[in-house]
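The structure appears right after this line, and notes come after that.
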Amino acid sequence: MTCAATHELAIDIGGMPILVRTDSAEFAAMLEDRYGSFIHAPSSDRIFSLDIDLIPPPSMPADEEVSVRLESGRWIMTRGDFRAEFDPRSGHGRVRQSPNPYSIDGVLRILHSLLLARQGGFLVHAASAVRNGRAFLFAGVSGAGKTTLSRLAPPDVEVLTDEISYVRPTQSGYEAFGTPFAGELARIGANLRAPLAALYLLVQGPENRIEPVDSGEATRAILRNILFFAHDEELVGLVFQSVFDFVARVPVQRLVFTPDACVWEMIV
Amino acid sequence: MGLMAIYAARSKQVAARMLGGEMMIMSPRDTTLFNLNDVGSVIWQSADGQTPLDEIVARLCAEFDVAPEVARQDAESFIQELAEHGILHVSDQPITAEPPRQEPA
C-alpha cells in the first residue's frame, strides 16, 4: 500500500486564510500559480480548512446553476463542476472536483460570502483600488466598465480587483481587501487592505463627472450587485441589513465616465 | 385567484426595510429585490393574515384614485408574485401561524 503525500497551502483572502489540502502535487502547483500572493505557508493560526478530492473531468459540459443550502448544520454547495460541504462549527469542509482552478475558485467565493455575512461584510460585483492609502469601490454589472476602469488605473493606484470586491466593517468604518477573483483583466488583485473612502456606481457616459445619489438608489444598486448564493432566510436578512448599514456610513456617488485615463483625476 | 376570500400574511423571516418612503424587500428564497410603490406598501402593511383582501382593496380605493376592479386585480397579481418569492403567505382562511418551512427538494 502506498500513501500519497499531502500538500497543504493556505489561501488567504480578506484576512481569512483557508487551508487547502490535496494529494496532488500538480493541483497544489496550479493553486500556487493561480493564487500567487494570496498563498501563504500553512500556519497554526488558520481557522478554516478544505480537503480536495479530485475526480476525473466530466465528459459533458457542467451545469452552471449554483445551489447553496444548509443541511443538518453543514453548508452543501453544488454546481455542475463541484460538490462541496462545509461545517461552520468545525471550520472544516471537503470539495469534490476535477483538477481545474475554476471549481475551487467558485467554492472560495461562496465560502467567503457565507463567512462574511455573519461579520457584517459582503462580496460585491465591483472593481476596487487603493490610492494614497484609501480604498475606492466601483460597482456595476457586467459591461458597466469595471475592467475598463481598472485597465486605466495610473501607476500610483493599486488595483484590488476588477470584478469581485471584498468589504468588511471595522470599528471606524469599512475596509476593502484585494481578491484573486478576476474578471476580464485576468489578473489577480493586489493582496492588501485599506480603509474604504467611497463607493461609486459606474455608468459610462460622454464625459467624466461625479453625481450624488440618494440613499434609496445607493442601497438598491448595491443590493443588486451583491454576490450571495445561499437561499437562507437568516443570512439573506443579515446581508440585507449590512448593505443598509454600509450606505449609512460610506459615501456613495455615481461616477459617469468616458473611457480615458482622465477619469482617475477625480478619484482622490 | 377568483372571488374567494383571500388572506395574505407577511413572512416573518423576510428582510424588509423602509428607506426614504420606499419599502425594500428581499426574497429569502432567491434574493430578488422588490421596491414597493405606495400601493404596494399599503398592501404589504395590511398583509397581517387577518385582513381579507376585500378590505385591503377597499383601503386602496379610499386612499388612491382607483376603481375597485382594477385595485383588486392589481392586488391579486401583487400578492401572487410576492407569494411566489416566499415573501407573503396566501390562504383562503385567516392565517394565524407561519406555515412550516419547505425544505428544498
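Following the order of the C-alpha cells, chains are lettered A, B, ..., residues in each are numbered from 1, and ligands are numbered from 1.
Using only C-alpha atoms, we find that the part of chain B lying within 7 Å of chain A comprises Gln13, Val14, Ala15, Leu19, Gly20, Pro28, Arg29 and Asp30 of chain B.
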Please, could you write that set of residues out with C-alpha atoms as a PDB file, in the first residue's frame?
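As a result, again08.pdb now contains:
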ATOM      1  CA  GLN B  13     -38.192  35.888   8.162  1.00  0.00           C
ATOM      2  CA  VAL B  14     -38.334  38.235   5.215  1.00  0.00           C
ATOM      3  CA  ALA B  15     -35.840  41.087   5.029  1.00  0.00           C
ATOM      4  CA  LEU B  19     -35.895  53.911   3.310  1.00  0.00           C
ATOM      5  CA  GLY B  20     -36.838  57.396   2.129  1.00  0.00           C
ATOM      6  CA  PRO B  28     -35.107  34.950   1.170  1.00  0.00           C
ATOM      7  CA  ARG B  29     -35.754  32.303  -1.467  1.00  0.00           C
ATOM      8  CA  ASP B  30     -33.869  33.783  -4.403  1.00  0.00           C
TER       9      ASP B  30
END
If you take only C-alpha atoms and a cut-off of 10 Å, which residues of region 6-38 of chain A touch region 158-178 of chain A, and what are their nearest atom pairs and distances in Å to one decimal, in chain and number order, as CSV?
residue,atom,partner,partner_atom,distance
A:Ile13,CA,A:Gly178,CA,7.5
A:Gly14,CA,A:Phe177,CA,5.5
A:Gly15,CA,A:Phe177,CA,8.2
A:Phe38,CA,A:Gly178,CA,9.1
Inset, instruction - Just give me the gap between CA of Leu185 (chain A) and CA of Val130 (chain A) in Å, one decimal is fine. - result: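 It comes out at 16.8 Å.
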Inset, instruction - Using only C-alpha atoms, pick whichever of B:Ala62, B:Met4, B:Val42, B:Ala47 has the shortest atom-to-atom distance to Leu88 (chain B). - result: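 Using only C-alpha atoms, Leu88 (chain B) sits closest to B:Ala47.
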Any idea what's packed within 9 Å of Ile95 (chain B), counting only C-alpha atoms, ignoring anything in its chain fewer than 3 positions away? Could you give it as a PDB file with N, CA and C atoms, in the first residue's frame?
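As a result, part_36.pdb now contains:
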ATOM      1  N   TYR B   7     -56.578  35.774   2.097  1.00  0.00           N
ATOM      2  CA  TYR B   7     -55.828  36.377   3.200  1.00  0.00           C
ATOM      3  C   TYR B   7     -54.345  36.260   2.885  1.00  0.00           C
ATOM      4  N   ALA B   8     -53.610  37.315   3.165  1.00  0.00           N
ATOM      5  CA  ALA B   8     -52.160  37.286   2.937  1.00  0.00           C
ATOM      6  C   ALA B   8     -51.454  37.687   4.228  1.00  0.00           C
ATOM      7  N   ALA B   9     -50.335  37.027   4.477  1.00  0.00           N
ATOM      8  CA  ALA B   9     -49.552  37.342   5.686  1.00  0.00           C
ATOM      9  C   ALA B   9     -48.086  37.495   5.308  1.00  0.00           C
ATOM     10  N   ASP B  48     -51.621  41.183   7.225  1.00  0.00           N
ATOM     11  CA  ASP B  48     -51.396  40.678   8.583  1.00  0.00           C
ATOM     12  C   ASP B  48     -51.986  39.284   8.783  1.00  0.00           C
ATOM     13  N   GLY B  49     -52.520  38.698   7.711  1.00  0.00           N
ATOM     14  CA  GLY B  49     -53.085  37.359   7.809  1.00  0.00           C
ATOM     15  C   GLY B  49     -54.529  37.360   8.305  1.00  0.00           C
ATOM     16  N   GLN B  50     -54.990  38.490   8.796  1.00  0.00           N
ATOM     17  CA  GLN B  50     -56.341  38.566   9.361  1.00  0.00           C
ATOM     18  C   GLN B  50     -57.265  39.441   8.522  1.00  0.00           C
ATOM     19  N   HIS B  89     -47.413  34.799   2.558  1.00  0.00           N
ATOM     20  CA  HIS B  89     -48.161  33.544   2.563  1.00  0.00           C
ATOM     21  C   HIS B  89     -49.606  33.882   2.204  1.00  0.00           C
ATOM     22  N   VAL B  90     -50.249  33.019   1.433  1.00  0.00           N
ATOM     23  CA  VAL B  90     -51.621  33.268   0.990  1.00  0.00           C
ATOM     24  C   VAL B  90     -52.496  32.079   1.367  1.00  0.00           C
ATOM     25  N   SER B  91     -53.720  32.390   1.778  1.00  0.00           N
ATOM     26  CA  SER B  91     -54.656  31.319   2.142  1.00  0.00           C
ATOM     27  C   SER B  91     -56.083  31.815   1.912  1.00  0.00           C
ATOM     28  N   ASP B  92     -57.037  30.867   1.845  1.00  0.00           N
ATOM     29  CA  ASP B  92     -58.450  31.272   1.784  1.00  0.00           C
ATOM     30  C   ASP B  92     -59.045  31.338   3.192  1.00  0.00           C
ATOM     31  N   GLU B  98     -47.180  30.918  11.149  1.00  0.00           N
ATOM     32  CA  GLU B  98     -46.292  30.792   9.996  1.00  0.00           C
ATOM     33  C   GLU B  98     -46.362  29.357   9.469  1.00  0.00           C
ATOM     34  N   PRO B  99     -46.628  29.165   8.157  1.00  0.00           N
ATOM     35  CA  PRO B  99     -46.629  27.802   7.614  1.00  0.00           C
ATOM     36  C   PRO B  99     -45.257  27.161   7.783  1.00  0.00           C
TER      37      PRO B  99
END
Inset, instruction - Point out the residue among A:Val243, A:Thr148, A:Ile11, A:Asp33 with the least atom-to-atom distance to Arg17 (chain B), counting only C-alpha atoms. - result: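 Under the stated criterion, the closest residue is A:Val243.
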Inset, instruction - Take CA of Ala67 (chain B) and CA of Val39 (chain B) and report the distance between them in Å, one decimal. - result: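 Going from CA of Ala67 (chain B) over to CA of Val39 (chain B) covers 13.1 Å.
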Could you build a table of the residues in region 92-134 of chain A lying no more than 9 Å from region 194-202 of chain A, giving for each the nearest pair of atoms and their separation in Å rounded to one decimal place, using only C-alpha atoms, ordered by chain and ascending residue number, as a Markdown table?
| residue | atom | partner | partner_atom | distance |
| --- | --- | --- | --- | --- |
| A:Ala126 | CA | A:Leu201 | CA | 8.8 |
| A:Ser128 | CA | A:Leu199 | CA | 8.9 |
| A:Val130 | CA | A:Ala194 | CA | 6.8 |
| A:Gly133 | CA | A:Ala194 | CA | 6.1 |
| A:Arg134 | CA | A:Pro195 | CA | 5.4 |
Output the selection as a PDB file, in the first residue's frame - C-alpha atoms for each residue.
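Resulting contents of out_26.pdb:
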ATOM      1  CA  ALA A 126     -17.255  45.924  -8.083  1.00  0.00           C
ATOM      2  CA  SER A 128     -11.713  48.295  -6.220  1.00  0.00           C
ATOM      3  CA  VAL A 130      -6.220  51.839  -3.377  1.00  0.00           C
ATOM      4  CA  GLY A 133      -3.827  54.631   1.421  1.00  0.00           C
ATOM      5  CA  ARG A 134      -7.589  54.815   0.836  1.00  0.00           C
TER       6      ARG A 134
END
Inset, instruction - Find the distance between CA of Arg10 (chain B) and CA of Cys61 (chain B) and write it in Å to one decimal. - result: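 These atoms are spaced 21.5 Å apart.
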